[in-house]
file data14.cif (mmCIF, C-alpha atoms)
data_protein
loop_
_atom_site.group_PDB
_atom_site.id
_atom_site.type_symbol
_atom_site.label_atom_id
_atom_site.label_comp_id
_atom_site.auth_asym_id
_atom_site.auth_seq_id
_atom_site.Cartn_x
_atom_site.Cartn_y
_atom_site.Cartn_z
ATOM 1 C CA MET C 257 44.363 21.381 4.174
ATOM 2 C CA HIS C 258 41.512 23.375 2.692
ATOM 3 C CA ARG C 259 40.223 20.254 0.911
ATOM 4 C CA THR C 260 40.392 18.210 4.128
ATOM 5 C CA CYS C 261 38.338 20.811 6.019
ATOM 6 C CA PHE C 262 35.778 20.783 3.209
ATOM 7 C CA LEU C 263 35.491 16.958 3.282
ATOM 8 C CA ILE C 264 35.087 16.923 7.070
ATOM 9 C CA ALA C 265 32.436 19.653 6.938
ATOM 10 C CA PHE C 266 30.629 17.878 4.094
ATOM 11 C CA SER C 267 30.717 14.546 5.967
ATOM 12 C CA LEU C 268 29.321 16.157 9.097
ATOM 13 C CA LEU C 269 26.494 17.726 7.080
ATOM 14 C CA VAL C 270 25.636 14.353 5.533
ATOM 15 C CA ILE C 271 25.571 12.717 8.971
ATOM 16 C CA VAL C 272 23.449 15.469 10.475
ATOM 17 C CA PHE C 273 20.956 15.555 7.607
ATOM 18 C CA SER C 274 20.658 11.775 7.311
ATOM 19 C CA GLY C 275 19.931 11.600 11.053
ATOM 20 C CA CYS C 276 17.332 14.336 10.720
ATOM 21 C CA GLY C 277 15.755 12.500 7.786
ATOM 22 C CA LYS C 278 15.453 9.290 9.785
ATOM 23 C CA ARG C 279 14.059 11.165 12.764
ATOM 24 C CA LYS C 280 11.514 12.873 10.530
ATOM 25 C CA MET C 281 10.447 9.557 8.975
ATOM 26 C CA TYR C 282 10.071 7.932 12.414
ATOM 27 C CA GLY C 283 7.967 10.881 13.550
ATOM 28 C CA GLN C 284 5.784 10.529 10.457
ATOM 29 C CA LEU C 285 5.494 6.784 11.032
ATOM 30 C CA ARG C 286 4.478 7.347 14.648
ATOM 31 C CA GLU C 287 1.838 9.845 13.495
ATOM 32 C CA LEU C 288 0.577 7.372 10.866
ATOM 33 C CA LEU C 289 0.359 4.556 13.420
ATOM 34 C CA ASP C 290 -1.781 6.770 15.648
ATOM 35 C CA SER C 291 -4.222 7.479 12.815
ATOM 36 C CA THR C 292 -7.164 5.500 11.436
ATOM 37 C CA ILE C 293 -7.390 4.439 7.803
ATOM 38 C CA ILE C 294 -10.670 5.107 6.039
ATOM 39 C CA LEU C 295 -11.624 3.197 2.910
ATOM 40 C CA PRO C 296 -13.328 5.261 0.211
ATOM 41 C CA GLU C 297 -17.115 5.177 0.001
ATOM 42 C CA ARG C 298 -17.123 4.409 -3.719
ATOM 43 C CA VAL C 299 -14.839 1.577 -4.713
ATOM 44 C CA ILE C 300 -15.206 -0.532 -7.855
ATOM 45 C CA GLY C 301 -13.710 -4.003 -7.938
ATOM 46 C CA VAL C 302 -12.651 -5.777 -11.105
ATOM 47 C CA TYR C 303 -12.352 -9.550 -11.063
ATOM 48 C CA ASP C 304 -13.501 -12.681 -12.832
ATOM 49 C CA GLY C 305 -14.639 -10.869 -15.966
ATOM 50 C CA ARG C 306 -16.821 -8.285 -14.256
ATOM 51 C CA ALA C 307 -16.748 -4.938 -12.489
ATOM 52 C CA PHE C 308 -18.665 -4.650 -9.204
ATOM 53 C CA ILE C 309 -19.048 -2.422 -6.174
ATOM 54 C CA MET C 310 -16.769 -3.459 -3.314
ATOM 55 C CA PRO C 311 -18.790 -5.406 -0.734
ATOM 56 C CA ASP C 312 -19.341 -3.553 2.554
ATOM 57 C CA SER C 313 -18.394 -6.747 4.377
ATOM 58 C CA LEU C 314 -14.711 -6.066 3.530
ATOM 59 C CA ARG C 315 -14.765 -2.865 5.565
ATOM 60 C CA SER C 316 -15.053 -4.739 8.870
ATOM 61 C CA LYS C 317 -12.258 -7.230 8.130
ATOM 62 C CA THR C 318 -8.523 -7.012 8.660
ATOM 63 C CA LYS C 319 -7.086 -5.789 5.367
ATOM 64 C CA PHE C 320 -3.734 -5.488 3.681
ATOM 65 C CA ILE C 321 -4.084 -2.349 1.546
ATOM 66 C CA LEU C 322 -1.668 -1.503 -1.219
ATOM 67 C CA PHE C 323 -2.466 1.978 -2.466
ATOM 68 C CA VAL C 324 -1.395 3.141 -5.927
ATOM 69 C CA ASP C 325 -1.774 6.889 -6.351
ATOM 70 C CA SER C 326 -3.114 8.505 -9.524
ATOM 71 C CA THR C 327 0.220 10.255 -10.043
ATOM 72 C CA GLU C 328 1.825 6.894 -10.795
ATOM 73 C CA CYS C 329 1.444 5.005 -14.058
ATOM 74 C CA SER C 330 -1.540 2.764 -13.296
ATOM 75 C CA ARG C 331 -0.838 0.253 -16.067
ATOM 76 C CA CYS C 332 2.807 0.019 -15.007
ATOM 77 C CA ARG C 333 1.908 -0.733 -11.400
ATOM 78 C CA ILE C 334 -0.886 -3.128 -12.397
ATOM 79 C CA SER C 335 1.591 -5.041 -14.570
ATOM 80 C CA ARG C 336 3.587 -5.742 -11.377
ATOM 81 C CA PHE C 337 0.599 -6.936 -9.340
ATOM 82 C CA ALA C 338 1.409 -10.580 -10.145
ATOM 83 C CA LYS C 339 3.898 -10.518 -7.250
ATOM 84 C CA TYR C 340 0.886 -10.386 -4.887
ATOM 85 C CA ILE C 341 -0.411 -13.832 -5.872
ATOM 86 C CA ASP C 342 1.349 -15.372 -2.846
ATOM 87 C CA LEU C 343 -0.305 -12.811 -0.571
ATOM 88 C CA PHE C 344 -3.732 -13.800 -1.918
ATOM 89 C CA ARG C 345 -2.841 -17.491 -1.457
ATOM 90 C CA LEU C 346 -1.830 -16.765 2.129
ATOM 91 C CA SER C 347 -5.126 -14.950 2.664
ATOM 92 C CA ASP C 348 -7.080 -17.924 1.288
ATOM 93 C CA GLU C 349 -5.073 -20.335 3.431
ATOM 94 C CA ILE C 350 -5.313 -18.693 6.836
ATOM 95 C CA GLN C 351 -8.361 -16.431 6.412
ATOM 96 C CA GLY C 352 -6.794 -13.811 8.700
ATOM 97 C CA PHE C 353 -6.917 -10.834 6.333
ATOM 98 C CA VAL C 354 -8.126 -9.657 2.933
ATOM 99 C CA PRO C 355 -5.697 -8.150 0.401
ATOM 100 C CA ILE C 356 -6.984 -4.977 -1.254
ATOM 101 C CA LEU C 357 -4.990 -3.595 -4.159
ATOM 102 C CA LEU C 358 -6.471 -0.094 -4.388
ATOM 103 C CA VAL C 359 -5.714 1.990 -7.474
ATOM 104 C CA SER C 360 -6.537 5.653 -7.869
ATOM 105 C CA THR C 361 -6.555 6.547 -11.565
ATOM 106 C CA PRO C 362 -7.228 9.855 -13.269
ATOM 107 C CA ARG C 363 -10.982 10.124 -13.946
ATOM 108 C CA LEU C 364 -10.449 10.181 -17.701
ATOM 109 C CA GLU C 365 -8.599 6.844 -17.505
ATOM 110 C CA GLN C 366 -10.959 4.936 -15.197
ATOM 111 C CA ALA C 367 -12.997 3.260 -17.941
ATOM 112 C CA GLU C 368 -9.808 2.391 -19.809
ATOM 113 C CA ILE C 369 -8.218 0.874 -16.677
ATOM 114 C CA ILE C 370 -11.362 -1.156 -15.929
ATOM 115 C CA GLU C 371 -11.313 -2.477 -19.498
ATOM 116 C CA HIS C 372 -7.587 -3.247 -19.168
ATOM 117 C CA LEU C 373 -8.184 -5.170 -15.930
ATOM 118 C CA LEU C 374 -11.024 -7.118 -17.538
ATOM 119 C CA LEU C 375 -8.750 -8.052 -20.460
ATOM 120 C CA ILE C 376 -5.716 -9.171 -18.457
ATOM 121 C CA GLU C 377 -7.841 -11.307 -16.092
ATOM 122 C CA LEU C 378 -5.730 -11.197 -12.946
ATOM 123 C CA PRO C 379 -6.430 -14.151 -10.605
ATOM 124 C CA PHE C 380 -7.530 -11.757 -7.839
ATOM 125 C CA PRO C 381 -9.603 -8.571 -7.565
ATOM 126 C CA VAL C 382 -8.214 -5.089 -8.071
ATOM 127 C CA TYR C 383 -10.128 -2.131 -6.642
ATOM 128 C CA LEU C 384 -10.448 1.406 -7.979
ATOM 129 C CA ASP C 385 -10.881 4.487 -5.810
ATOM 130 C CA VAL C 386 -13.518 6.125 -7.996
ATOM 131 C CA ASP C 387 -13.627 9.514 -6.246
ATOM 132 C CA HIS C 388 -9.923 9.721 -5.318
ATOM 133 C CA SER C 389 -10.899 10.047 -1.673
ATOM 134 C CA PHE C 390 -8.326 7.679 -0.149
ATOM 135 C CA VAL C 391 -5.587 10.328 -0.186
ATOM 136 C CA ARG C 392 -7.962 13.036 0.996
ATOM 137 C CA ASP C 393 -9.153 10.882 3.921
ATOM 138 C CA ASN C 394 -5.712 9.417 4.709
ATOM 139 C CA PRO C 395 -3.126 12.110 3.890
ATOM 140 C CA LEU C 396 -0.437 10.566 6.095
ATOM 141 C CA VAL C 397 -0.213 7.586 3.714
ATOM 142 C CA MET C 398 1.317 9.881 1.105
ATOM 143 C CA LEU C 399 4.145 11.134 3.351
ATOM 144 C CA ASP C 400 6.436 8.278 2.317
ATOM 145 C CA ASP C 401 6.277 5.550 -0.359
ATOM 146 C CA LYS C 402 6.779 2.957 2.379
ATOM 147 C CA PHE C 403 3.433 3.965 3.879
ATOM 148 C CA SER C 404 1.414 2.990 0.786
ATOM 149 C CA ALA C 405 1.338 -0.658 1.921
ATOM 150 C CA ILE C 406 -0.424 -1.080 5.261
ATOM 151 C CA THR C 407 -2.395 -3.668 7.178
ATOM 152 C CA VAL C 408 -5.380 -2.351 9.105
ATOM 153 C CA GLY C 409 -7.899 -3.906 11.439
ATOM 154 C CA GLY C 410 -11.632 -3.854 10.790
ATOM 155 C CA ASP C 411 -11.834 -0.609 12.749
ATOM 156 C CA GLY C 412 -9.211 1.076 10.525
ATOM 157 C CA ALA C 413 -6.460 0.940 13.152
ATOM 158 C CA ILE C 414 -3.049 0.354 11.600
ATOM 159 C CA LEU C 415 -1.550 -2.995 12.540
ATOM 160 C CA LEU C 416 1.504 -3.068 10.253
ATOM 161 C CA VAL C 417 3.223 -0.811 7.764
ATOM 162 C CA GLY C 418 5.120 -2.307 4.842
ATOM 163 C CA ASP C 419 4.795 -4.592 1.868
ATOM 164 C CA PRO C 420 5.231 -8.294 2.658
ATOM 165 C CA ALA C 421 5.423 -9.183 -1.049
ATOM 166 C CA GLY C 422 8.920 -7.704 -1.270
ATOM 167 C CA SER C 423 10.736 -10.900 -0.294
ATOM 168 C CA ASP C 424 10.275 -14.413 1.064
ATOM 169 C CA GLU C 425 11.558 -13.246 4.460
ATOM 170 C CA ASN C 426 8.987 -10.441 4.583
ATOM 171 C CA MET C 427 6.206 -12.844 3.627
ATOM 172 C CA LEU C 428 7.247 -15.305 6.340
ATOM 173 C CA ALA C 429 7.348 -12.525 8.947
ATOM 174 C CA TYR C 430 3.925 -11.326 7.762
ATOM 175 C CA ARG C 431 2.500 -14.837 8.046
ATOM 176 C CA GLN C 432 3.802 -15.110 11.606
ATOM 177 C CA LYS C 433 2.301 -11.740 12.553
ATOM 178 C CA ILE C 434 -1.102 -12.748 11.181
ATOM 179 C CA GLU C 435 -1.047 -16.173 12.796
ATOM 180 C CA ASN C 436 -0.136 -14.551 16.132
ATOM 181 C CA GLY C 437 -2.916 -12.001 15.804
ATOM 182 C CA PHE C 438 -0.445 -9.096 15.320
ATOM 183 C CA SER C 439 0.523 -9.416 18.989
ATOM 184 C CA GLN C 440 4.297 -9.555 18.458
#

call {"tool": "encode", "arguments": {"input": "data14.cif", "output": "structure tokens"}}
result
Amino acid sequence: MHRTCFLIAFSLLVIVFSGCGKRKMYGQLRELLDSTIILPERVIGVYDGRAFIMPDSLRSKTKFILFVDSTECSRCRISRFAKYIDLFRLSDEIQGFVPILLVSTPRLEQAEIIEHLLLIELPFPVYLDVDHSFVRDNPLVMLDDKFSAITVGGDGAILLVGDPAGSDENMLAYRQKIENGFSQ
């Protein structure tokens, strides 16, 4: 009897706390969707054997931004960037957005990461947040890992939250959203 009461009480706690967790995440998502995303002032791109300053023209375009925080292993995350090749192909095909893979690395590792990117020669650019200002300017992005992949309009308004490169279904849904102008 005592064990049964314990299991019922434990189950109720799990239900209550899981509901609260979902409610909290939805509240955070709502707050994120009401915010504006600001790209850092100083961003270095690495692509095609060279490092360059990110063109200002990208700021006014619709962008898919995948943000990798400096607390994560930069090389580890970069090694998994190959899964975004289809996203870059989609961008080239329909011209409706620009993918930006934005990495924030510890200052002492920036030169090493740039050299690493130059050596591995990814078939698309990778951008570095030189001053680590993305998190400072967009703190809501760090509330949940799911928020580190977002699509924003040229004005910084959030259009979608989530990573379309996760599956073929996600990529198809993303394509449809872009082709429909994010209206659905």

call {"tool": "residues_around", "arguments": {"input": "data14.cif", "residues": "C:Ala421", "least_positions_apart": "5", "cutoff": "7 Å", "atoms": "only C-alpha atoms", "output": "PyMOL selection string"}}
result
chain C and resi 339-340+343+426-427

call {"tool": "closest_residue", "arguments": {"input": "data14.cif", "among": "C:Met310, C:Val417, C:Glu349, C:Gly301", "to": "C:Ile369", "atoms": "only C-alpha atoms"}}
result
C:Gly301

call {"tool": "closest_residue", "arguments": {"input": "data14.cif", "among": "C:Thr407, C:Ser291, C:Ser316, C:Asn394", "to": "C:Tyr430", "atoms": "only C-alpha atoms"}}
result
C:Thr407

call {"tool": "closest_residue", "arguments": {"input": "data14.cif", "among": "C:Leu373, C:Ile309, C:Gly418, C:Lys433", "to": "C:Arg333", "atoms": "all atoms listed in the file"}}
result
C:Leu373

call {"tool": "closest_residue", "arguments": {"input": "data14.cif", "among": "C:Pro355, C:Pro296, C:Pro379, C:Pro395", "to": "C:Val408", "atoms": "all atoms listed in the file"}}
result
C:Pro355

call {"tool": "residues_around", "arguments": {"input": "data14.cif", "residues": "stretch 344-348 of chain C", "least_positions_apart": "3", "cutoff": "12 Å", "atoms": "all atoms listed in the file", "output": "PyMOL selection string"}}
result
chain C and resi 317-321+337-341+351-357+378-382+420-421+427-428+430-432+434-435

call {"tool": "axis_aligned_box", "arguments": {"input": "data14.cif", "around": "stretch 316-323 of chain C", "padding_each_side": "6 Å", "output": "lines of an AutoDock Vina configuration file"}}
result
center_x = -8.4
center_y = -2.6
center_z = 3.2
size_x = 25.4
size_y = 21.2
size_z = 23.3

call {"tool": "residues_around", "arguments": {"input": "data14.cif", "residues": "C:Leu358", "least_positions_apart": "4", "cutoff": "9 Å", "atoms": "all atoms listed in the file", "output": "compact mmCIF listing (two decimals) with C-alpha atoms, in the frame of the given file"}}
result
# COMPACT_ATOMS: atom_id res chain seq x y z
CA VAL C 299 -14.84 1.58 -4.71
CA GLY C 301 -13.71 -4.00 -7.94
CA ILE C 321 -4.08 -2.35 1.55
CA LEU C 322 -1.67 -1.50 -1.22
CA PHE C 323 -2.47 1.98 -2.47
CA VAL C 324 -1.40 3.14 -5.93
CA ASP C 325 -1.77 6.89 -6.35
CA VAL C 382 -8.21 -5.09 -8.07
CA TYR C 383 -10.13 -2.13 -6.64
CA LEU C 384 -10.45 1.41 -7.98
CA ASP C 385 -10.88 4.49 -5.81

call {"tool": "resolve_selection", "arguments": {"input": "data14.cif", "expression": "the PyMOL selection byres ((chain C and resi 331) around 12)", "output": "PyMOL selection string"}}
result
chain C and resi 324-330+332-337+359-362+365-366+368-373+376

call {"tool": "residues_around", "arguments": {"input": "data14.cif", "residues": "C:Arg363", "least_positions_apart": "5", "cutoff": "9 Å", "atoms": "all atoms listed in the file", "output": "number ranges by chain"}}
result
C: 386-388

call {"tool": "atom_distance", "arguments": {"input": "data14.cif", "atom1": "atom CA of C:Leu375", "atom2": "atom CA of C:Asp424"}}
result
29.4 Å

call {"tool": "atom_distance", "arguments": {"input": "data14.cif", "atom1": "atom CA of C:Ser404", "atom2": "atom CA of C:Gly305"}}
result
27.0 Å

call {"tool": "atom_distance", "arguments": {"input": "data14.cif", "atom1": "atom CA of C:Arg315", "atom2": "atom CA of C:Ile293"}}
result
10.6 Å

call {"tool": "closest_residue", "arguments": {"input": "data14.cif", "among": "C:Asp411, C:Glu377, C:Asp342, C:Glu425", "to": "C:Arg306", "atoms": "only C-alpha atoms"}}
result
C:Glu377
